[in-house]
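Visitor: Below: one structure in structure tokens.
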Amino acid sequence: MSTPHRTRRGNALLIALGATTTLIVSAGTLLVAVTNERTGTEQSVVNAQARDASTSGAEDALAILDNNANWTGTFQSAYGGPLADVTVSVWGTDGIDNDGDGSADESDEEVFVSVTSVGRVNQQLDGSGLLVERASRSADSRTEVVLQRTSLNLAADQAIYVDDAAATFKFSGTAFLISGNDTNIDGSAGPGAAKPGIGTVGDPNGIKSQLKTNQKPKVIGLGGPPSVANVGDIDMPTTIDSLKALATIVFNGPDDLYSGDLGDFDAKVAVITHAKGNLKLNGSSSGCGILIVDGDVDFNGNFDFAGLIYVSGAVRFNGGGGGKNLRGALFTLGAVTGNDVTINGSVDLRYSSEAITLVNTQLSSGLTVVSWKRS
Amino acid sequence: MEAQLIVQLLLAAACAGEPAPAPPTADGAADEVASRERGQKAPEARLTRVRLELDRSERWAWRLPAEADGRLALLTDDGALAWVKLDPPPQWLEVTSAPLEELDPARLVGLLDDECEAVRDAGEELLLKQGDAAAAALGSALVAAPARVRRAALAVLAEHPQKQWCARIRERLRDDDVGVRRAALTAYAALAPADLVATALDVLRFDRHPLLHHDAIAVLGRQGDLRVVDTLLEHLDECDDRSERLVAFDALRRLTGKKFGRDAEAWRAWWTNHRAELLPNDAE
């Protein structure tokens, strides 16, 4: 038989039990919530680290491309703990139909460069790049950038451009040929129309008159021999300034000697070379691309070059030491008496539309970002 | 007339004068190109000699590097110029070669006034190959009546400088012919006389022909004397001729080692800020 006292005790117990249960449930709920919150926060941090790593990897790649627009390859960068695996590839050579037009690596893909950067946190890959281990908090993020090359669009209207019509030449002997007839790099006839052998701004007679009778047939091309003509003014300083910034081989001067390669003449791999002072090319040298010389240039030994040469000072092709062969075009300010353009020995300078196209195709004045996607 | 007199006075005794004090130069601005090319001894050259029948007699002759109208020029040992047809090929009785130095340079000088351009060019080419020996024989050519002879002689002397002809070369700076004056300035610069900078400045001031201005500026740019920068900047102010301006900017680059391209204002601003530092003993 229950008594009121016992009834009250029972009620109290029930209340206490209920309260305790509520408290326990509340505490559990709170604990779960806090735990979930913490888990979420930790994952957010990891996700953010992965995104930052992938972004940083892409930006590192852009920095490399800024210095060398032709760079391709892969690299891994570490940013504290997070890592980024970066791949730079050219659409034109990656074997993929990047633009989805049904064919891979066609000509319109050559101007695009792809940068893929995968940022990872707490993930371990094997040598093949497969995920082999990941911690409880791990993340990855992918940044994909597409860039488009800006072509150089350089042109030449003659084999040798002389900015100063009053320049003094020194033609020695007859073992030289300056040809405005289009010639391929291998020496065969090119497809383009003939250009002047020598072009200058103003009256070309000052240069013509410096050729001896037996030398006049050595300057061939449009309107020749001697093929020396008035051509349009080229803003050489501006052109040179814009190209200097793209150089990947730099001689700091003021006087440099060099013997070796400036690009690859045989494989037709073009580079931009910049000499900040005078440059003497001795021994056996060859190259492909663009050679810029702020001072005087001496070609003393054997020299084979495909591309464009810009010289702010004097140009001397000195006798002996082998032949000097240029396929492309030479631009000189040619502003000095004494021997602006000395041509001595076996010198073969020929306009080549193939060489100029090669330079414009392989080298670019820079890359422009056309898309940036992160996932 | 007055200008010529001033030039004459300034040039007087220049070649025999004391060497000028070393001009101030900017670091890296020294230019050795001109001196590198001076005084080089010509390599031994040989020329083909042929024995042939001419006018029913056998003669020896030098085969000149000159052809015109399908004929080849020969210089016979008795000093005559003979032509033989190249088609059919000439039948030489004997062919040999001899050192070019055995050919009297005076006879080559005589070719410089030939009516045929190819012969004139051959004469100049062979004189250049003879080198100093030929240059020593060019005195008369420097005062010869035809301008083309004087020009050719000066071209040889530019390659093979001869101090003995310094005065005559200097006189040719006042020649009536523009081409002779240009060649004279080049030959005079090759001699590297003590008064070269002063002479080039005078040419710039007093000669009226733009080509002489052009060449004088080029000479000034290669002497490494920063005192001429003022003159060059003044000239840029007054001159619109494209070639003169180009060569002036190039001269400034060579003198100073700086690269302000064709921006006259940039050159002027830089010089204003650095003149006192680079020419500490030269009041403005």
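By order of appearance in the structure tokens: chains A, B, ..., then residues from 1 within every chain, and ligands from 1 in the order shown.
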Taking only C-alpha atoms into account, report as a ChimeraX atom specification which residues of chain B lie within 6 Å of chain A.

Guide: /B:118,215,218,243,247

Visitor: Using only C-alpha atoms, determine which residues lie at most 10 Å from His235 (chain B), disregarding the query and same-chain residues fewer than 5 positions distant; provide the list as a tab-separated table (two decimals) with C-alpha atoms, in the first residue's frame.

Guide:
chain	number	residue	atom	x	y	z
B	204	LEU	CA	80.86	68.63	-88.13
B	205	ARG	CA	80.79	72.38	-87.64
B	213	HIS	CA	78.31	65.33	-90.64
B	217	ILE	CA	79.72	61.96	-85.72
B	229	VAL	CA	78.66	64.62	-75.75
B	230	ASP	CA	77.62	68.27	-75.46
B	240	ASP	CA	66.40	66.51	-88.62
B	244	GLU	CA	72.68	61.92	-88.75
B	245	ARG	CA	70.34	61.36	-85.85
B	248	ALA	CA	74.42	60.45	-83.18

Visitor: Fewer than 4 positions away in the same chain doesn't count, so skip those; otherwise give me all residues within 7 Å of Gly263 (chain A), counting only C-alpha atoms, as number ranges by chain.

Guide: A: 269-271, 287-289

Visitor: Write the residues of the selection above to a file with C-alpha atoms, as a PDB file, in the first residue's frame.

Guide:
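This went into result-v5.pdb:
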ATOM      1  CA  VAL A 269      64.720  24.365 -82.210  1.00  0.00           C
ATOM      2  CA  ALA A 270      64.521  28.115 -81.786  1.00  0.00           C
ATOM      3  CA  VAL A 271      65.592  30.221 -78.808  1.00  0.00           C
ATOM      4  CA  GLY A 287      71.919  28.464 -83.802  1.00  0.00           C
ATOM      5  CA  CYS A 288      68.275  28.900 -84.511  1.00  0.00           C
ATOM      6  CA  GLY A 289      65.824  31.553 -83.400  1.00  0.00           C
TER       7      GLY A 289
END

Visitor: What does the structure give for the distance between CA of Leu262 (chain A) and CA of Pro196 (chain A), in Å to one decimal?

Guide: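 A separation of 27.0 Å between them.
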
Visitor: Just the helix (DSSP H, G or I) stuff from region 52-234 of chain B, please, per backbone DSSP, written as a compact mmCIF listing (two decimals) with N, CA and C atoms, in the first residue's frame.

Guide:
# COMPACT_ATOMS: atom_id res chain seq x y z
N LEU B 100 102.49 39.26 -105.67
CA LEU B 100 101.91 40.53 -106.10
C LEU B 100 102.85 41.70 -105.86
N GLU B 101 103.71 41.53 -104.87
CA GLU B 101 104.62 42.65 -104.55
C GLU B 101 105.60 42.94 -105.69
N GLU B 102 105.73 41.98 -106.62
CA GLU B 102 106.62 42.21 -107.76
C GLU B 102 105.99 43.15 -108.78
N PRO B 105 103.61 49.12 -107.81
CA PRO B 105 102.36 49.77 -107.39
C PRO B 105 102.05 51.01 -108.21
N ALA B 106 103.06 51.64 -108.74
CA ALA B 106 102.80 52.84 -109.56
C ALA B 106 101.95 52.48 -110.78
N ARG B 107 102.17 51.28 -111.29
CA ARG B 107 101.37 50.86 -112.45
C ARG B 107 99.93 50.57 -112.03
N LEU B 108 99.78 50.08 -110.83
CA LEU B 108 98.42 49.86 -110.32
C LEU B 108 97.72 51.20 -110.09
N VAL B 109 98.47 52.16 -109.59
CA VAL B 109 97.90 53.49 -109.39
C VAL B 109 97.40 54.04 -110.72
N GLY B 110 98.15 53.75 -111.78
CA GLY B 110 97.75 54.19 -113.11
C GLY B 110 96.41 53.62 -113.54
N LEU B 111 96.07 52.45 -113.02
CA LEU B 111 94.79 51.83 -113.38
C LEU B 111 93.59 52.54 -112.76
N GLU B 117 85.37 50.71 -115.46
CA GLU B 117 85.17 50.59 -114.01
C GLU B 117 85.80 49.32 -113.46
N ALA B 118 85.70 48.23 -114.22
CA ALA B 118 86.25 46.96 -113.74
C ALA B 118 87.76 47.05 -113.56
N VAL B 119 88.41 47.77 -114.45
CA VAL B 119 89.87 47.94 -114.33
C VAL B 119 90.19 48.82 -113.13
N ARG B 120 89.43 49.88 -112.96
CA ARG B 120 89.67 50.74 -111.80
C ARG B 120 89.51 49.94 -110.50
N ASP B 121 88.44 49.15 -110.44
CA ASP B 121 88.22 48.34 -109.24
C ASP B 121 89.34 47.33 -109.04
N ALA B 122 89.82 46.75 -110.16
CA ALA B 122 90.92 45.78 -110.05
C ALA B 122 92.17 46.47 -109.51
N GLY B 123 92.42 47.67 -110.00
CA GLY B 123 93.59 48.41 -109.51
C GLY B 123 93.51 48.65 -108.01
N GLU B 124 92.33 49.08 -107.55
CA GLU B 124 92.16 49.34 -106.11
C GLU B 124 92.29 48.05 -105.31
N GLU B 125 91.68 46.99 -105.82
CA GLU B 125 91.73 45.70 -105.11
C GLU B 125 93.17 45.21 -104.96
N LEU B 126 93.95 45.35 -106.04
CA LEU B 126 95.33 44.87 -105.97
C LEU B 126 96.20 45.76 -105.08
N LEU B 127 95.91 47.05 -105.11
CA LEU B 127 96.64 47.95 -104.21
C LEU B 127 96.35 47.59 -102.75
N LEU B 128 95.09 47.28 -102.47
CA LEU B 128 94.73 46.87 -101.10
C LEU B 128 95.47 45.59 -100.72
N LYS B 129 95.59 44.68 -101.67
CA LYS B 129 96.28 43.42 -101.37
C LYS B 129 97.78 43.64 -101.21
N GLN B 130 98.32 44.61 -101.93
CA GLN B 130 99.75 44.89 -101.77
C GLN B 130 100.05 45.49 -100.41
N ASP B 132 100.98 47.82 -97.34
CA ASP B 132 101.79 48.99 -97.03
C ASP B 132 102.67 49.43 -98.19
N ALA B 133 103.18 48.45 -98.94
CA ALA B 133 104.06 48.80 -100.06
C ALA B 133 103.32 49.68 -101.05
N ALA B 134 102.09 49.34 -101.32
CA ALA B 134 101.29 50.14 -102.25
C ALA B 134 100.95 51.49 -101.64
N ALA B 135 100.59 51.46 -100.36
CA ALA B 135 100.18 52.70 -99.70
C ALA B 135 101.30 53.74 -99.74
N ALA B 141 98.72 59.98 -106.16
CA ALA B 141 97.30 59.75 -106.39
C ALA B 141 96.44 60.66 -105.50
N LEU B 142 96.98 61.05 -104.36
CA LEU B 142 96.20 61.88 -103.44
C LEU B 142 95.98 63.29 -103.98
N VAL B 143 96.80 63.67 -104.91
CA VAL B 143 96.64 65.02 -105.49
C VAL B 143 96.30 64.93 -106.97
N ALA B 147 88.75 62.89 -109.33
CA ALA B 147 88.32 62.63 -107.94
C ALA B 147 88.31 61.15 -107.63
N ARG B 148 87.97 60.33 -108.64
CA ARG B 148 87.88 58.89 -108.37
C ARG B 148 89.24 58.30 -108.02
N VAL B 149 90.31 58.90 -108.55
CA VAL B 149 91.65 58.43 -108.20
C VAL B 149 91.95 58.78 -106.74
N ARG B 150 91.60 59.99 -106.38
CA ARG B 150 91.84 60.42 -104.99
C ARG B 150 91.02 59.56 -104.02
N ARG B 151 89.77 59.30 -104.40
CA ARG B 151 88.91 58.47 -103.53
C ARG B 151 89.51 57.07 -103.36
N ALA B 152 89.94 56.48 -104.46
CA ALA B 152 90.47 55.12 -104.39
C ALA B 152 91.75 55.09 -103.56
N ALA B 153 92.60 56.08 -103.75
CA ALA B 153 93.84 56.12 -102.98
C ALA B 153 93.55 56.23 -101.48
N LEU B 154 92.57 57.06 -101.16
CA LEU B 154 92.22 57.22 -99.75
C LEU B 154 91.59 55.94 -99.18
N ALA B 155 90.87 55.23 -100.02
CA ALA B 155 90.28 53.95 -99.55
C ALA B 155 91.39 52.96 -99.19
N VAL B 156 92.45 52.95 -99.99
CA VAL B 156 93.57 52.05 -99.69
C VAL B 156 94.27 52.50 -98.41
N LEU B 157 94.43 53.82 -98.28
CA LEU B 157 95.12 54.34 -97.09
C LEU B 157 94.28 54.15 -95.82
N ALA B 158 92.99 54.06 -95.96
CA ALA B 158 92.14 53.78 -94.79
C ALA B 158 92.41 52.38 -94.25
N GLU B 159 92.78 51.49 -95.14
CA GLU B 159 93.10 50.11 -94.73
C GLU B 159 94.56 49.96 -94.34
N LYS B 163 101.64 57.28 -92.18
CA LYS B 163 101.76 58.60 -91.57
C LYS B 163 102.43 59.61 -92.49
N GLN B 164 103.23 59.11 -93.45
CA GLN B 164 103.91 60.05 -94.34
C GLN B 164 102.91 60.85 -95.19
N TRP B 165 101.72 60.34 -95.36
CA TRP B 165 100.73 61.05 -96.16
C TRP B 165 99.70 61.79 -95.31
N CYS B 166 100.00 61.93 -94.04
CA CYS B 166 99.04 62.54 -93.11
C CYS B 166 98.61 63.93 -93.59
N ALA B 167 99.57 64.75 -93.97
CA ALA B 167 99.24 66.12 -94.37
C ALA B 167 98.37 66.13 -95.62
N ARG B 168 98.73 65.28 -96.57
CA ARG B 168 97.95 65.25 -97.82
C ARG B 168 96.53 64.73 -97.58
N ILE B 169 96.43 63.76 -96.70
CA ILE B 169 95.09 63.25 -96.37
C ILE B 169 94.27 64.36 -95.73
N ARG B 170 94.93 65.09 -94.83
CA ARG B 170 94.23 66.17 -94.13
C ARG B 170 93.77 67.25 -95.12
N GLU B 171 94.60 67.52 -96.11
CA GLU B 171 94.20 68.50 -97.12
C GLU B 171 92.95 68.06 -97.86
N ARG B 172 92.83 66.79 -98.05
CA ARG B 172 91.69 66.28 -98.80
C ARG B 172 90.37 66.44 -98.03
N LEU B 173 90.45 66.79 -96.75
CA LEU B 173 89.22 67.09 -96.00
C LEU B 173 88.55 68.34 -96.52
N ARG B 174 89.27 69.10 -97.34
CA ARG B 174 88.70 70.31 -97.94
C ARG B 174 88.52 70.13 -99.44
N VAL B 178 82.62 65.43 -102.54
CA VAL B 178 82.10 64.92 -101.26
C VAL B 178 82.66 63.53 -100.95
N GLY B 179 82.71 62.70 -101.99
CA GLY B 179 83.23 61.34 -101.78
C GLY B 179 84.67 61.34 -101.33
N VAL B 180 85.45 62.27 -101.88
CA VAL B 180 86.85 62.36 -101.47
C VAL B 180 86.94 62.82 -100.02
N ARG B 181 86.12 63.79 -99.65
CA ARG B 181 86.16 64.26 -98.26
C ARG B 181 85.77 63.14 -97.30
N ARG B 182 84.75 62.36 -97.65
CA ARG B 182 84.35 61.23 -96.78
C ARG B 182 85.51 60.23 -96.65
N ALA B 183 86.10 59.90 -97.81
CA ALA B 183 87.20 58.93 -97.78
C ALA B 183 88.38 59.49 -97.00
N ALA B 184 88.60 60.79 -97.12
CA ALA B 184 89.71 61.41 -96.39
C ALA B 184 89.48 61.33 -94.88
N LEU B 185 88.26 61.57 -94.47
CA LEU B 185 87.98 61.50 -93.03
C LEU B 185 88.20 60.07 -92.51
N THR B 186 87.77 59.10 -93.29
CA THR B 186 87.98 57.70 -92.88
C THR B 186 89.48 57.38 -92.81
N ALA B 187 90.21 57.82 -93.83
CA ALA B 187 91.66 57.55 -93.85
C ALA B 187 92.36 58.30 -92.71
N TYR B 188 91.89 59.51 -92.44
CA TYR B 188 92.51 60.30 -91.36
C TYR B 188 92.23 59.63 -90.01
N ALA B 189 91.02 59.14 -89.84
CA ALA B 189 90.69 58.44 -88.59
C ALA B 189 91.55 57.19 -88.44
N ALA B 190 91.84 56.53 -89.56
CA ALA B 190 92.67 55.33 -89.49
C ALA B 190 94.09 55.65 -89.02
N LEU B 191 94.53 56.87 -89.28
CA LEU B 191 95.87 57.28 -88.82
C LEU B 191 95.90 57.54 -87.32
N LEU B 196 92.44 64.09 -83.86
CA LEU B 196 91.32 63.50 -84.58
C LEU B 196 89.97 64.02 -84.09
N VAL B 197 89.81 64.11 -82.77
CA VAL B 197 88.53 64.58 -82.24
C VAL B 197 88.29 66.03 -82.67
N ALA B 198 89.33 66.84 -82.55
CA ALA B 198 89.17 68.25 -82.95
C ALA B 198 88.86 68.36 -84.43
N THR B 199 89.52 67.53 -85.23
CA THR B 199 89.27 67.57 -86.68
C THR B 199 87.84 67.15 -87.00
N ALA B 200 87.39 66.08 -86.38
CA ALA B 200 86.03 65.62 -86.63
C ALA B 200 85.01 66.68 -86.17
N LEU B 201 85.30 67.34 -85.06
CA LEU B 201 84.40 68.40 -84.61
C LEU B 201 84.35 69.54 -85.62
N ASP B 202 85.51 69.86 -86.20
CA ASP B 202 85.53 70.92 -87.21
C ASP B 202 84.75 70.52 -88.45
N VAL B 203 84.90 69.28 -88.85
CA VAL B 203 84.13 68.82 -90.01
C VAL B 203 82.64 68.93 -89.71
N LEU B 204 82.27 68.56 -88.51
CA LEU B 204 80.86 68.63 -88.13
C LEU B 204 80.36 70.07 -88.14
N ARG B 205 81.22 70.98 -87.73
CA ARG B 205 80.79 72.38 -87.64
C ARG B 205 80.83 73.09 -88.99
N PHE B 206 81.86 72.82 -89.77
CA PHE B 206 82.10 73.68 -90.92
C PHE B 206 81.79 73.04 -92.27
N PRO B 210 75.62 66.78 -95.35
CA PRO B 210 75.11 65.86 -94.30
C PRO B 210 75.93 64.57 -94.18
N LEU B 211 76.45 64.08 -95.31
CA LEU B 211 77.22 62.83 -95.23
C LEU B 211 78.51 63.02 -94.44
N LEU B 212 79.09 64.22 -94.56
CA LEU B 212 80.29 64.49 -93.77
C LEU B 212 79.93 64.64 -92.30
N HIS B 213 78.77 65.26 -92.03
CA HIS B 213 78.31 65.33 -90.64
C HIS B 213 78.15 63.91 -90.08
N HIS B 214 77.52 63.08 -90.87
CA HIS B 214 77.28 61.69 -90.48
C HIS B 214 78.60 60.99 -90.11
N ASP B 215 79.55 61.12 -91.00
CA ASP B 215 80.81 60.41 -90.78
C ASP B 215 81.61 61.00 -89.61
N ALA B 216 81.52 62.33 -89.48
CA ALA B 216 82.24 62.97 -88.38
C ALA B 216 81.66 62.52 -87.03
N ILE B 217 80.36 62.43 -86.96
CA ILE B 217 79.72 61.96 -85.72
C ILE B 217 80.15 60.53 -85.42
N ALA B 218 80.19 59.72 -86.48
CA ALA B 218 80.60 58.32 -86.27
C ALA B 218 82.03 58.25 -85.74
N VAL B 219 82.90 59.09 -86.27
CA VAL B 219 84.29 59.12 -85.78
C VAL B 219 84.30 59.55 -84.31
N LEU B 220 83.55 60.59 -84.00
CA LEU B 220 83.52 61.08 -82.61
C LEU B 220 83.03 59.99 -81.66
N GLY B 221 82.07 59.22 -82.11
CA GLY B 221 81.51 58.18 -81.24
C GLY B 221 82.50 57.08 -80.92
N LEU B 226 84.40 61.85 -73.81
CA LEU B 226 83.07 62.29 -73.37
C LEU B 226 82.84 63.78 -73.54
N ARG B 227 83.90 64.53 -73.81
CA ARG B 227 83.71 65.98 -73.97
C ARG B 227 82.88 66.31 -75.20
N VAL B 228 82.73 65.35 -76.12
CA VAL B 228 81.96 65.65 -77.33
C VAL B 228 80.46 65.41 -77.14
N VAL B 229 80.08 64.90 -75.97
CA VAL B 229 78.66 64.62 -75.75
C VAL B 229 77.83 65.90 -75.87
N ASP B 230 78.35 66.99 -75.34
CA ASP B 230 77.62 68.27 -75.46
C ASP B 230 77.34 68.60 -76.91
N THR B 231 78.38 68.45 -77.73
CA THR B 231 78.23 68.77 -79.16
C THR B 231 77.20 67.86 -79.81
N LEU B 232 77.25 66.59 -79.46
CA LEU B 232 76.30 65.65 -80.07
C LEU B 232 74.86 65.98 -79.69
N LEU B 233 74.66 66.33 -78.42
CA LEU B 233 73.30 66.69 -77.99
C LEU B 233 72.83 67.98 -78.66
N GLU B 234 73.76 68.93 -78.82
CA GLU B 234 73.40 70.17 -79.53
C GLU B 234 73.03 69.85 -80.97

Visitor: What is the CA of Ala78 (chain A)-CA of Gln148 (chain A) distance in Å, reported with one decimal?

Guide: 27.2 Å

Visitor: Within 7 Å of Arg71 (chain B), counting only C-alpha atoms, which residues show up once you throw out same-chain ones fewer than 4 positions away? Write them as a list in words, please.

Guide: Glu67, Trp83, Val84, Lys85 and Leu86 of chain B

Visitor: Do you know which residues are at most 10 Å from Ser107 (chain A) counting only C-alpha atoms, after dropping those on the same chain fewer than 6 positions away, and could you put them as an MDAnalysis selection string?

Guide: chainID A and resid 91:93

Visitor: Would you please extract all strand (DSSP E or B) residues from region 93-304 of chain A, as assigned by DSSP on the backbone, and give them as number ranges by chain?

Guide: A: 112-125, 131-151, 160-162, 169-171, 176-179, 183, 189, 198-200, 219-220, 228-230, 249-251, 255-258, 261-262, 264, 269, 271-275, 278-281, 284-293, 297-299, 302-304
